file coords.cif (mmCIF, C-alpha atoms and all ligand atoms)
data_target
#
loop_
_atom_site.label_atom_id
_atom_site.label_comp_id
_atom_site.auth_asym_id
_atom_site.auth_seq_id
_atom_site.Cartn_x
_atom_site.Cartn_y
_atom_site.Cartn_z
CA MET A 46 -2.08 176.77 -85.46
CA ASP A 47 0.30 175.63 -88.17
CA LYS A 48 -0.46 171.94 -87.56
CA LYS A 49 -3.05 170.01 -89.50
CA SER A 50 -6.30 169.44 -87.63
CA ILE A 51 -8.50 166.36 -87.49
CA SER A 52 -11.19 168.45 -89.20
CA GLU A 53 -9.01 168.68 -92.33
CA VAL A 54 -8.70 164.97 -93.08
CA GLU A 55 -11.06 162.23 -94.26
CA VAL A 56 -11.92 159.87 -91.40
CA ARG A 57 -15.06 158.00 -92.38
CA GLY A 58 -14.62 154.24 -92.10
CA LYS A 59 -10.98 154.69 -91.08
CA ARG A 60 -9.28 153.22 -88.04
CA VAL A 61 -8.06 156.23 -86.10
CA LEU A 62 -5.59 155.93 -83.23
CA ILE A 63 -6.06 158.81 -80.80
CA ARG A 64 -3.50 159.50 -78.10
CA VAL A 65 -5.50 160.98 -75.25
CA ASP A 66 -4.47 162.00 -71.75
CA PHE A 67 -6.64 159.84 -69.50
CA ASN A 68 -4.14 160.04 -66.65
CA VAL A 69 -6.89 160.76 -64.13
CA PRO A 70 -6.57 160.71 -60.34
CA LEU A 71 -7.99 157.57 -58.68
CA ASP A 72 -8.86 157.02 -55.02
CA LYS A 73 -7.81 153.93 -53.04
CA GLN A 74 -10.84 152.02 -54.30
CA GLY A 75 -9.86 152.82 -57.88
CA ALA A 76 -12.67 155.32 -58.46
CA ILE A 77 -12.00 158.37 -60.62
CA THR A 78 -11.92 161.47 -58.40
CA ASP A 79 -11.70 164.04 -61.20
CA ASP A 80 -12.75 163.31 -64.79
CA THR A 81 -11.70 166.67 -66.29
CA ARG A 82 -9.13 165.07 -68.56
CA ILE A 83 -11.63 162.55 -69.91
CA ARG A 84 -14.22 165.23 -70.60
CA ALA A 85 -11.59 167.40 -72.26
CA ALA A 86 -11.10 164.73 -74.94
CA LEU A 87 -14.82 164.32 -75.67
CA PRO A 88 -15.06 166.89 -78.50
CA THR A 89 -12.53 164.93 -80.57
CA ILE A 90 -13.98 161.52 -79.73
CA GLU A 91 -17.59 162.62 -80.35
CA TYR A 92 -16.63 164.26 -83.64
CA LEU A 93 -14.98 161.05 -84.82
CA ILE A 94 -17.97 158.97 -83.76
CA GLN A 95 -20.25 161.32 -85.67
CA GLU A 96 -18.02 161.20 -88.74
CA GLY A 97 -18.11 157.39 -88.71
CA ALA A 98 -14.47 156.73 -87.84
CA ARG A 99 -13.38 153.57 -85.99
CA ILE A 100 -11.83 154.83 -82.83
CA ILE A 101 -8.85 153.39 -80.96
CA LEU A 102 -7.88 155.32 -77.83
CA ALA A 103 -4.42 155.12 -76.26
CA SER A 104 -3.35 156.62 -72.95
CA HIS A 105 -1.08 156.16 -69.98
CA LEU A 106 -2.23 156.20 -66.37
CA GLY A 107 0.13 156.76 -63.47
CA ARG A 108 3.66 155.39 -63.35
CA PRO A 109 3.56 151.61 -63.70
CA LYS A 110 7.25 151.78 -64.76
CA GLY A 111 7.03 149.56 -67.81
CA GLN A 112 5.27 146.65 -66.11
CA VAL A 113 1.75 145.34 -66.01
CA ASN A 114 0.23 146.61 -62.77
CA LEU A 115 -3.53 146.39 -62.66
CA SER A 116 -3.85 149.20 -60.11
CA TYR A 117 -2.98 151.39 -63.13
CA SER A 118 -5.46 149.69 -65.46
CA LEU A 119 -7.62 151.93 -67.63
CA ALA A 120 -10.67 149.80 -66.70
CA PRO A 121 -12.30 152.56 -64.59
CA VAL A 122 -11.80 154.95 -67.50
CA ALA A 123 -13.44 152.54 -69.98
CA LYS A 124 -16.44 152.30 -67.69
CA HIS A 125 -16.73 156.05 -67.14
CA LEU A 126 -16.20 156.87 -70.81
CA SER A 127 -18.94 154.40 -71.76
CA GLU A 128 -21.29 156.41 -69.55
CA LEU A 129 -20.18 159.78 -70.92
CA LEU A 130 -20.54 158.64 -74.53
CA ALA A 131 -23.67 156.58 -73.84
CA GLN A 132 -22.16 153.75 -75.82
CA ASN A 133 -20.02 150.78 -74.96
CA VAL A 134 -16.27 151.37 -74.86
CA VAL A 135 -14.40 148.09 -74.98
CA LEU A 136 -11.14 147.85 -73.03
CA ALA A 137 -8.45 145.84 -74.82
CA LYS A 138 -6.28 143.57 -72.64
CA ASP A 139 -3.13 145.26 -73.92
CA CYS A 140 -2.14 148.01 -76.36
CA VAL A 141 -0.22 145.87 -78.87
CA GLY A 142 -0.25 142.24 -80.01
CA ASP A 143 -2.49 139.97 -82.07
CA PRO A 144 -5.69 140.06 -79.97
CA VAL A 145 -5.52 143.87 -80.01
CA ILE A 146 -4.97 143.94 -83.78
CA GLU A 147 -7.97 141.63 -84.11
CA ALA A 148 -10.11 143.92 -81.91
CA ALA A 149 -9.03 147.00 -83.85
CA HIS A 150 -9.70 145.43 -87.24
CA THR A 151 -13.19 144.27 -86.32
CA LEU A 152 -14.33 147.73 -85.17
CA GLN A 153 -17.38 149.11 -86.95
CA ASP A 154 -17.88 152.75 -87.93
CA GLY A 155 -18.46 154.85 -84.79
CA GLN A 156 -17.28 152.15 -82.36
CA VAL A 157 -14.69 152.87 -79.67
CA LEU A 158 -11.88 150.65 -78.39
CA LEU A 159 -9.71 151.74 -75.46
CA LEU A 160 -6.24 150.24 -75.34
CA GLU A 161 -4.78 149.22 -71.98
CA ASN A 162 -2.17 151.50 -70.36
CA VAL A 163 0.68 152.09 -72.83
CA ARG A 164 3.12 152.43 -69.92
CA PHE A 165 2.70 148.74 -69.10
CA HIS A 166 5.45 148.47 -71.73
CA ALA A 167 8.87 149.95 -70.97
CA GLU A 168 9.20 150.62 -74.72
CA GLU A 169 6.62 153.40 -74.47
CA GLU A 170 8.75 155.85 -72.50
CA LYS A 171 11.88 154.73 -74.35
CA ASN A 172 10.19 155.70 -77.61
CA ASP A 173 11.11 152.31 -79.00
CA PRO A 174 10.59 152.26 -82.79
CA THR A 175 9.33 148.65 -82.97
CA PHE A 176 6.76 149.31 -80.26
CA ALA A 177 5.75 152.55 -82.00
CA ARG A 178 5.31 150.66 -85.26
CA ASP A 179 3.20 148.02 -83.51
CA LEU A 180 0.93 150.73 -82.13
CA ALA A 181 0.75 152.36 -85.55
CA SER A 182 -0.18 149.04 -87.20
CA LEU A 183 -3.54 149.18 -85.42
CA ALA A 184 -4.72 152.21 -87.40
CA GLU A 185 -4.66 154.20 -90.62
CA LEU A 186 -4.51 157.67 -89.06
CA TYR A 187 -3.04 159.06 -85.84
CA VAL A 188 -4.51 161.92 -83.83
CA ASN A 189 -2.72 163.48 -80.88
CA ASP A 190 -5.15 165.02 -78.39
CA ALA A 191 -2.93 164.53 -75.34
CA PHE A 192 -1.53 168.00 -74.76
CA GLY A 193 -0.60 166.99 -71.21
CA THR A 194 2.00 164.51 -72.49
CA ALA A 195 3.09 166.41 -75.61
CA HIS A 196 6.31 167.50 -73.86
CA ARG A 197 7.48 163.89 -73.81
CA ALA A 198 8.83 162.12 -76.88
CA HIS A 199 7.32 158.71 -76.17
CA ALA A 200 6.26 155.97 -78.60
CA SER A 201 2.58 156.92 -78.41
CA THR A 202 3.22 160.67 -78.69
CA GLU A 203 6.13 160.90 -81.11
CA GLY A 204 7.40 157.52 -82.33
CA VAL A 205 4.06 156.54 -83.83
CA THR A 206 4.06 159.61 -86.10
CA HIS A 207 6.89 158.04 -88.13
CA TYR A 208 4.51 155.34 -89.31
CA LEU A 209 1.13 157.06 -89.71
CA PRO A 210 -0.18 160.39 -91.00
CA ALA A 211 -0.47 162.46 -87.82
CA VAL A 212 -2.83 165.34 -87.04
CA ALA A 213 -3.97 167.35 -84.02
CA GLY A 214 -7.20 166.72 -82.11
CA PHE A 215 -9.44 169.56 -80.99
CA LEU A 216 -8.07 169.75 -77.45
CA MET A 217 -4.48 169.85 -78.71
CA GLN A 218 -5.48 172.49 -81.23
CA LYS A 219 -7.17 174.61 -78.57
CA GLU A 220 -4.27 174.40 -76.13
CA VAL A 221 -1.66 175.30 -78.72
CA GLU A 222 -3.78 178.06 -80.24
CA PHE A 223 -4.66 179.81 -76.98
CA MET A 224 -1.21 179.69 -75.51
CA GLY A 225 0.55 180.22 -78.83
CA ASN A 226 -1.55 183.30 -79.66
CA ALA A 227 -1.03 184.74 -76.20
CA LEU A 228 2.73 184.36 -76.49
CA GLU A 229 3.16 185.33 -80.13
CA ARG A 230 0.37 187.84 -80.78
CA PRO A 231 -0.81 189.11 -77.41
CA GLU A 232 -3.29 191.92 -77.15
CA ARG A 233 -1.69 194.44 -74.80
CA PRO A 234 -1.32 195.09 -71.97
CA PHE A 235 -0.07 191.55 -71.54
CA VAL A 236 0.21 190.61 -67.85
CA ALA A 237 1.72 187.39 -66.52
CA ILE A 238 1.32 186.25 -62.91
CA ILE A 239 3.78 183.64 -61.80
CA GLY A 240 3.67 182.01 -58.40
CA GLY A 241 4.17 178.67 -56.73
CA ALA A 242 6.81 177.29 -54.50
CA LYS A 243 10.17 177.68 -56.15
CA VAL A 244 11.98 179.98 -58.57
CA SER A 245 14.06 177.06 -59.81
CA ASP A 246 10.93 175.36 -61.25
CA LYS A 247 10.08 178.38 -63.35
CA ILE A 248 13.28 180.16 -64.35
CA GLY A 249 12.72 179.29 -68.01
CA VAL A 250 9.15 180.58 -67.86
CA ILE A 251 10.17 183.87 -66.27
CA GLU A 252 13.01 184.37 -68.76
CA ASN A 253 10.77 183.70 -71.75
CA LEU A 254 7.92 185.86 -70.44
CA LEU A 255 10.27 188.79 -69.78
CA GLU A 256 10.73 188.96 -73.56
CA LYS A 257 6.98 189.20 -74.13
CA VAL A 258 4.94 190.74 -71.33
CA ASP A 259 4.29 194.34 -70.29
CA ILE A 260 3.82 193.49 -66.63
CA LEU A 261 5.21 190.53 -64.71
CA ILE A 262 3.69 189.81 -61.30
CA ILE A 263 5.53 187.43 -59.02
CA GLY A 264 3.94 185.99 -55.89
CA GLY A 265 3.94 182.81 -53.84
CA GLY A 266 6.98 181.18 -52.30
CA MET A 267 9.17 182.09 -55.26
CA ALA A 268 8.67 185.81 -54.56
CA ASN A 269 10.68 185.33 -51.36
CA THR A 270 13.88 184.85 -53.32
CA PHE A 271 13.20 188.04 -55.30
CA LEU A 272 12.41 189.97 -52.11
CA LYS A 273 15.68 188.73 -50.62
CA ALA A 274 17.43 189.92 -53.79
CA GLN A 275 15.93 193.35 -53.09
CA GLY A 276 17.50 193.28 -49.63
CA PHE A 277 14.54 192.28 -47.45
CA LYS A 278 15.02 189.89 -44.53
CA MET A 279 12.83 186.84 -45.15
CA GLY A 280 13.10 185.09 -41.76
CA LYS A 281 12.25 181.38 -42.01
CA SER A 282 10.45 181.77 -45.35
CA LEU A 283 10.97 179.20 -48.08
CA LEU A 284 13.96 180.66 -49.90
CA GLU A 285 16.47 179.51 -52.49
CA GLU A 286 19.70 181.18 -51.41
CA GLU A 287 21.53 179.93 -54.49
CA LYS A 288 18.98 181.66 -56.73
CA VAL A 289 19.20 185.11 -55.13
CA GLU A 290 21.87 186.18 -57.62
CA LEU A 291 19.70 184.98 -60.52
CA ALA A 292 16.73 186.85 -59.08
CA LYS A 293 18.86 190.03 -59.10
CA GLN A 294 19.70 189.44 -62.75
CA LEU A 295 16.04 188.89 -63.63
CA ILE A 296 15.09 192.12 -61.84
CA GLU A 297 17.77 193.90 -63.94
CA LYS A 298 16.56 192.24 -67.11
CA ALA A 299 13.00 193.41 -66.45
CA LYS A 300 14.32 196.97 -66.16
CA GLU A 301 16.27 196.68 -69.41
CA LYS A 302 13.25 195.31 -71.26
CA GLY A 303 10.92 197.95 -69.84
CA VAL A 304 8.81 195.27 -68.16
CA THR A 305 7.03 196.39 -65.00
CA LEU A 306 7.90 193.87 -62.31
CA GLU A 307 5.45 193.62 -59.43
CA LEU A 308 6.55 191.89 -56.23
CA PRO A 309 4.60 191.62 -52.99
CA ILE A 310 4.72 194.70 -50.76
CA ASP A 311 3.16 192.89 -47.80
CA VAL A 312 2.90 189.24 -46.77
CA VAL A 313 0.98 187.01 -44.37
CA VAL A 314 3.48 185.50 -41.94
CA ALA A 315 3.31 182.72 -39.35
CA ARG A 316 5.82 181.01 -37.07
CA ALA A 317 4.87 177.51 -38.22
CA PHE A 318 3.86 175.89 -41.52
CA GLU A 319 0.49 174.85 -40.12
CA ALA A 320 -3.12 175.44 -41.07
CA ASN A 321 -4.05 176.86 -37.66
CA ALA A 322 -0.80 178.73 -36.95
CA PRO A 323 -1.42 182.26 -35.63
CA HIS A 324 -0.62 184.70 -38.45
CA ARG A 325 -0.39 188.40 -39.21
CA THR A 326 0.02 190.60 -42.24
CA VAL A 327 3.16 192.71 -42.34
CA SER A 328 5.07 194.88 -44.77
CA VAL A 329 7.88 192.96 -46.47
CA SER A 330 10.33 195.07 -44.45
CA GLU A 331 8.96 193.82 -41.11
CA ILE A 332 9.36 190.04 -41.27
CA GLN A 333 10.85 188.72 -38.02
CA ASP A 334 13.64 186.11 -37.90
CA ASP A 335 11.27 183.39 -36.68
CA GLU A 336 8.48 184.16 -39.16
CA MET A 337 7.78 182.77 -42.61
CA ALA A 338 5.79 184.33 -45.46
CA LEU A 339 2.98 181.98 -46.47
CA ASP A 340 0.78 184.26 -48.59
CA ILE A 341 0.83 187.69 -50.20
CA GLY A 342 -0.82 190.39 -48.06
CA SER A 343 -4.04 192.21 -48.91
CA ALA A 344 -2.25 195.36 -50.11
CA SER A 345 -0.24 193.29 -52.60
CA ALA A 346 -3.35 191.40 -53.69
CA GLU A 347 -5.18 194.69 -54.34
CA ARG A 348 -2.24 196.06 -56.29
CA PHE A 349 -1.98 192.89 -58.39
CA ALA A 350 -5.76 192.99 -58.97
CA GLU A 351 -5.46 196.59 -60.23
CA ARG A 352 -2.79 195.52 -62.71
CA LEU A 353 -5.05 192.71 -63.91
CA ALA A 354 -8.14 194.89 -64.27
CA THR A 355 -7.00 196.55 -67.50
CA ALA A 356 -5.07 193.61 -68.98
CA LYS A 357 -6.02 192.41 -72.47
CA THR A 358 -4.06 189.18 -72.12
CA VAL A 359 -3.36 187.33 -68.86
CA ILE A 360 -1.32 184.21 -68.25
CA TRP A 361 -1.42 182.81 -64.74
CA ASN A 362 0.76 180.02 -63.45
CA GLY A 363 1.28 179.25 -59.77
CA PRO A 364 -0.64 180.18 -56.60
CA MET A 365 0.18 183.27 -54.52
CA GLY A 366 0.50 181.38 -51.26
CA VAL A 367 -0.06 178.09 -49.48
CA PHE A 368 -3.64 178.04 -50.75
CA GLU A 369 -4.19 174.50 -49.46
CA MET A 370 -4.56 176.09 -46.01
CA ASP A 371 -7.49 178.50 -45.72
CA ALA A 372 -5.53 181.00 -43.64
CA PHE A 373 -3.05 181.43 -46.49
CA ALA A 374 -5.43 181.18 -49.46
CA LYS A 375 -6.70 184.75 -49.55
CA GLY A 376 -4.03 186.14 -51.89
CA THR A 377 -4.67 183.37 -54.41
CA GLU A 378 -8.44 183.90 -54.03
CA ARG A 379 -8.16 187.63 -54.68
CA VAL A 380 -6.01 187.08 -57.75
CA ALA A 381 -8.34 184.33 -59.04
CA GLN A 382 -11.25 186.74 -58.69
CA ALA A 383 -9.34 189.51 -60.49
CA VAL A 384 -8.41 187.19 -63.36
CA ALA A 385 -12.01 185.94 -63.52
CA ILE A 386 -13.48 189.43 -64.00
CA CYS A 387 -10.75 190.58 -66.38
CA LYS A 388 -12.30 191.23 -69.81
CA GLY A 389 -9.19 190.19 -71.74
CA THR A 390 -8.09 186.72 -72.76
CA THR A 391 -7.24 184.81 -69.58
CA ILE A 392 -5.23 181.61 -69.51
CA VAL A 393 -4.49 179.48 -66.45
CA GLY A 394 -1.88 176.72 -66.52
CA GLY A 395 -0.18 174.60 -63.87
CA GLY A 396 -1.63 171.81 -61.77
CA ASP A 397 -1.96 173.72 -58.49
CA SER A 398 -3.15 176.99 -60.06
CA VAL A 399 -5.86 175.12 -61.94
CA ALA A 400 -6.85 173.32 -58.73
CA ALA A 401 -7.04 176.70 -56.96
CA VAL A 402 -9.22 178.21 -59.69
CA GLU A 403 -11.52 175.21 -59.55
CA LYS A 404 -11.69 175.22 -55.76
CA MET A 405 -12.70 178.87 -55.92
CA GLY A 406 -15.45 178.20 -58.43
CA VAL A 407 -14.23 180.64 -61.09
CA ALA A 408 -12.95 178.11 -63.64
CA ASP A 409 -15.77 178.82 -66.09
CA GLN A 410 -14.88 182.52 -66.12
CA MET A 411 -11.43 181.86 -67.57
CA THR A 412 -10.91 181.92 -71.34
CA HIS A 413 -8.75 178.84 -71.24
CA ILE A 414 -7.61 176.42 -68.56
CA SER A 415 -4.74 174.28 -69.69
CA THR A 416 -5.06 170.54 -69.09
CA GLY A 417 -1.29 170.11 -69.15
CA GLY A 418 0.78 171.06 -66.11
CA GLY A 419 4.30 170.16 -67.24
CA ALA A 420 3.45 170.61 -70.91
CA SER A 421 2.04 174.10 -70.37
CA LEU A 422 5.15 175.08 -68.39
CA GLU A 423 7.41 173.96 -71.22
CA PHE A 424 5.20 175.77 -73.70
CA LEU A 425 5.49 178.96 -71.62
CA GLU A 426 9.26 178.44 -71.58
CA GLY A 427 9.11 178.78 -75.36
CA LYS A 428 10.13 175.16 -75.92
CA VAL A 429 8.94 173.17 -78.90
CA LEU A 430 6.91 170.21 -77.60
CA PRO A 431 7.98 167.00 -79.40
CA GLY A 432 4.40 165.69 -79.55
CA VAL A 433 3.31 168.85 -81.33
CA ALA A 434 6.35 169.18 -83.58
CA ALA A 435 5.79 165.63 -84.89
CA LEU A 436 2.36 166.43 -86.34
CA GLN A 437 1.84 167.24 -90.01
CA ASP A 438 1.98 170.90 -90.97
CA LYS A 439 -1.09 172.57 -92.39
CA ALA A 440 -1.24 172.21 -96.15
P1 LIG B 501 1.57 175.04 -60.25
O1 LIG B 501 1.26 173.59 -60.02
O2 LIG B 501 0.32 175.86 -60.42
O3 LIG B 501 2.55 175.27 -61.35
P2 LIG B 501 3.57 175.05 -58.18
O4 LIG B 501 3.57 173.55 -58.17
O5 LIG B 501 4.75 175.73 -58.74
O6 LIG B 501 2.24 175.59 -58.89
O7 LIG B 501 3.42 175.59 -56.69
C1 LIG B 501 2.33 175.28 -55.88
C2 LIG B 501 2.76 175.07 -54.46
O8 LIG B 501 3.44 176.22 -53.97
C3 LIG B 501 1.56 174.90 -53.55
O9 LIG B 501 1.61 173.62 -52.99
C4 LIG B 501 1.71 175.99 -52.50
O10 LIG B 501 1.40 175.56 -51.20
C5 LIG B 501 3.18 176.33 -52.61
N1 LIG B 501 3.46 177.70 -52.12
C6 LIG B 501 2.93 178.85 -52.57
N2 LIG B 501 3.36 179.89 -51.85
C7 LIG B 501 4.17 179.40 -50.90
C8 LIG B 501 4.91 179.98 -49.83
N3 LIG B 501 4.89 181.29 -49.61
N4 LIG B 501 5.65 179.17 -49.04
C9 LIG B 501 5.67 177.84 -49.27
N5 LIG B 501 4.99 177.23 -50.26
C10 LIG B 501 4.24 177.99 -51.06
MG MG B 502 2.36 172.02 -58.97
#

call {"tool": "encode", "arguments": {"input": "coords.cif", "output": "structure tokens", "more": "lines below"}}
Ligand code: ADP
Ligand code: MG
result
Amino acid sequence: MDKKSISEVEVRGKRVLIRVDFNVPLDKQGAITDDTRIRAALPTIEYLIQEGARIILASHLGRPKGQVNLSYSLAPVAKHLSELLAQNVVLAKDCVGDPVIEAAHTLQDGQVLLLENVRFHAEEEKNDPTFARDLASLAELYVNDAFGTAHRAHASTEGVTHYLPAVAGFLMQKEVEFMGNALERPERPFVAIIGGAKVSDKIGVIENLLEKVDILIIGGGMANTFLKAQGFKMGKSLLEEEKVELAKQLIEKAKEKGVTLELPIDVVVARAFEANAPHRTVSVSEIQDDEMALDIGSASAERFAERLATAKTVIWNGPMGVFEMDAFAKGTERVAQAVAICKGTTIVGGGDSVAAVEKMGVADQMTHISTGGGASLEFLEGKVLPGVAALQDKA
């Protein structure tokens, strides 16, 4: 990575402001239901504790829309992080202001202070310079370890870098390195699997990947629009009529670039979008007017798996079907298994794809699972993420 890492700067005795992504899911009682994002930031936090830095953590949680709303308080995170670190993490009442400055300035080496939700202030998402300077005034060094919010130019991800030396944390470094290497220096064959509901969500990703991959596999709901572009009747399937023309162009572009485009050859269809709807597997040429495609069929899944078997680099974003319903999860399961046993570098990004991989118990067999849904999509689109761009370049 061409950005300076936390390991390259002196931190001992320094107040270090770390932007982390502690935007964890909470249940109705306010308990954390998945602490992946907290654990993902531990390497950076533990390193800084060990090096004797004074640690100030900043994060958002949910969408409090610029107002104090205690159902989005980081209190449950402070408690859980205290347990994970086996040391007390103090929660500040706010993220800026005199009491917070006081708390930050009285930190001892190795101590950790967690600021309250930065999105309790409307200035955060507006990237307000005064608010950014107030945040910066808490510390002497800024570390961004929040890859998941790096695609947003907010005060705590971008604005603050105008007032403090800014470097990348280990999670940020890992995310950018894995995905950056895959896109810029892939070992070939390079295979991308794109799925999920809609083409319109991922046009930029498909366009960028067509410039880079050897094989592009498209499944899930978005494949329907491509199948329609190829002349198949899709019945009641989820379909974006207005994107059929674009799908035709992308199919042409793949041909021009010499990219092998793999679309489903069979699908699992049902007459209703329901978990217990009767279903059958048919060739893509046999979908009836009252049927909808809810998963790729087993022949497609086997074909995709064969393509993945010899890949040296794999990027996967988006499930192959409505995996939330068991009857339509088999295509996604088969692909997850094929990616898991692939010997190449395998990267999974996207909220639902990551959930699918975790549900199927193969997460630990992937080389890298991105913690950033929207951020990883923008990265795959080839966009420069403002939170990354703002960090200091390597010397
Ligand atoms: P990710 O979060 O991994 O980027 P998306 O959000 O793009 O993935 O898409 C995931 C959603 O797509 C899932 O909720 C899944 O049910 C839906 N989906 C996948 N295939 C189909 C299909 N054939 N018809 C309707 N919805 C589908
Ligand atoms: Mg999603």

call {"tool": "closest_atom_pairs", "arguments": {"input": "coords.cif", "of": "chain A", "to": "ligand LIG 501 (chain B)", "cutoff": "6 Å", "atoms": "all atoms listed in the file", "output": "JSON lines"}}
result
{"residue": "A:Gly241", "atom": "CA", "partner": "B:LIG501", "partner_atom": "O7", "distance": 3.2}
{"residue": "A:Ala242", "atom": "CA", "partner": "B:LIG501", "partner_atom": "O8", "distance": 3.6}
{"residue": "A:Gly265", "atom": "CA", "partner": "B:LIG501", "partner_atom": "N2", "distance": 3.6}
{"residue": "A:Gly266", "atom": "CA", "partner": "B:LIG501", "partner_atom": "N3", "distance": 3.4}
{"residue": "A:Leu283", "atom": "CA", "partner": "B:LIG501", "partner_atom": "N4", "distance": 5.4}
{"residue": "A:Ala338", "atom": "CA", "partner": "B:LIG501", "partner_atom": "N3", "distance": 5.2}
{"residue": "A:Leu339", "atom": "CA", "partner": "B:LIG501", "partner_atom": "N3", "distance": 3.7}
{"residue": "A:Asp340", "atom": "CA", "partner": "B:LIG501", "partner_atom": "N3", "distance": 5.2}
{"residue": "A:Asn362", "atom": "CA", "partner": "B:LIG501", "partner_atom": "O2", "distance": 5.2}
{"residue": "A:Gly363", "atom": "CA", "partner": "B:LIG501", "partner_atom": "O2", "distance": 3.6}
{"residue": "A:Pro364", "atom": "CA", "partner": "B:LIG501", "partner_atom": "C6", "distance": 5.5}
{"residue": "A:Met365", "atom": "CA", "partner": "B:LIG501", "partner_atom": "N2", "distance": 5.4}
{"residue": "A:Gly366", "atom": "CA", "partner": "B:LIG501", "partner_atom": "N2", "distance": 3.3}
{"residue": "A:Val367", "atom": "CA", "partner": "B:LIG501", "partner_atom": "O10", "distance": 3.4}
{"residue": "A:Phe368", "atom": "CA", "partner": "B:LIG501", "partner_atom": "O10", "distance": 5.6}
{"residue": "A:Glu369", "atom": "CA", "partner": "B:LIG501", "partner_atom": "O10", "distance": 5.9}
{"residue": "A:Gly395", "atom": "CA", "partner": "B:LIG501", "partner_atom": "O2", "distance": 3.7}
{"residue": "A:Gly396", "atom": "CA", "partner": "B:LIG501", "partner_atom": "O1", "distance": 3.8}
{"residue": "A:Asp397", "atom": "CA", "partner": "B:LIG501", "partner_atom": "O1", "distance": 3.6}
{"residue": "A:Ser398", "atom": "CA", "partner": "B:LIG501", "partner_atom": "O2", "distance": 3.7}

call {"tool": "axis_aligned_box", "arguments": {"input": "coords.cif", "around": "segment 120-130 of chain A", "padding_each_side": "4 Å", "output": "lines of an AutoDock Vina configuration file"}}
result
center_x = -16.0
center_y = 154.8
center_z = -69.6
size_x = 18.6
size_y = 18.0
size_z = 17.9

call {"tool": "residues_around", "arguments": {"input": "coords.cif", "residues": "Pro231 of chain A", "least_positions_apart": "2", "cutoff": "10 Å", "atoms": "all atoms listed in the file", "output": "list of chain:residue names"}}
result
A:Met224, A:Gly225, A:Asn226, A:Ala227, A:Leu228, A:Glu229, A:Arg233, A:Pro234, A:Phe235, A:Val236, A:Lys257, A:Val258, A:Lys357, A:Thr358, A:Val359, A:Thr390

call {"tool": "atom_distance", "arguments": {"input": "coords.cif", "atom1": "atom CA of His196 of chain A", "atom2": "atom CA of Glu423 of chain A"}}
result
7.1 Å

call {"tool": "closest_residue", "arguments": {"input": "coords.cif", "among": "A:Asp246, A:His207, A:Gly427, A:Gln410", "to": "ligand MG 502 (chain B)", "atoms": "all atoms listed in the file"}}
result
A:Asp246

call {"tool": "closest_residue", "arguments": {"input": "coords.cif", "among": "A:Ile100, A:Ala372, A:Ile332, A:Val433", "to": "Ala420 of chain A", "atoms": "all atoms listed in the file"}}
result
A:Val433

call {"tool": "closest_residue", "arguments": {"input": "coords.cif", "among": "A:Ala400, A:Leu152, A:Ala434, A:Val61", "to": "ligand MG 502 (chain B)", "atoms": "only C-alpha atoms and all ligand atoms"}}
result
A:Ala400

call {"tool": "residues_near_point", "arguments": {"input": "coords.cif", "point": "(-1.0, 168.0, -73.4)", "cutoff": "7 Å", "atoms": "all atoms listed in the file", "output": "list in words"}}
result
Ala191, Phe192, Gly193, Thr194, Ala195, Met217, Thr416, Gly417 and Ala420 of chain A

call {"tool": "write_last_selection", "arguments": {"input": "coords.cif", "atoms": "C-alpha atoms", "output": "tab-separated table (two decimals), keeping the file's coordinate frame"}}
result
chain	number	residue	atom	x	y	z
A	191	ALA	CA	-2.93	164.53	-75.34
A	192	PHE	CA	-1.53	168.00	-74.76
A	193	GLY	CA	-0.60	166.99	-71.21
A	194	THR	CA	2.00	164.51	-72.49
A	195	ALA	CA	3.09	166.41	-75.61
A	217	MET	CA	-4.48	169.85	-78.71
A	416	THR	CA	-5.06	170.54	-69.09
A	417	GLY	CA	-1.29	170.11	-69.15
A	420	ALA	CA	3.45	170.61	-70.91

call {"tool": "atom_distance", "arguments": {"input": "coords.cif", "atom1": "atom CA of Arg64 of chain A", "atom2": "atom CA of Val145 of chain A"}}
result
15.9 Å

call {"tool": "closest_residue", "arguments": {"input": "coords.cif", "among": "A:Gln112, A:Ser421, A:Gln74, A:Thr412", "to": "ligand MG 502 (chain B)", "atoms": "only C-alpha atoms and all ligand atoms"}}
result
A:Ser421

call {"tool": "decode", "arguments": {"input": "coords.cif", "residues": "segment 369-387 of chain A", "atoms": "C-alpha atoms", "output": "tab-separated table (two decimals), in the first residue's frame"}}
result
chain	number	residue	atom	x	y	z
A	369	GLU	CA	-32.13	-16.22	3.16
A	370	MET	CA	-34.60	-19.00	2.26
A	371	ASP	CA	-33.14	-22.51	2.49
A	372	ALA	CA	-34.89	-23.68	-0.67
A	373	PHE	CA	-33.03	-21.04	-2.68
A	374	ALA	CA	-29.67	-21.10	-0.88
A	375	LYS	CA	-28.07	-24.07	-2.63
A	376	GLY	CA	-26.45	-22.11	-5.47
A	377	THR	CA	-24.84	-19.71	-3.01
A	378	GLU	CA	-23.76	-22.66	-0.83
A	379	ARG	CA	-22.14	-24.46	-3.75
A	380	VAL	CA	-20.28	-21.34	-4.82
A	381	ALA	CA	-19.20	-20.60	-1.22
A	382	GLN	CA	-17.80	-24.12	-1.00
A	383	ALA	CA	-15.98	-23.75	-4.33
A	384	VAL	CA	-14.43	-20.44	-3.27
A	385	ALA	CA	-13.48	-21.95	0.09
A	386	ILE	CA	-11.51	-24.82	-1.46
A	387	CYS	CA	-9.93	-22.67	-4.16
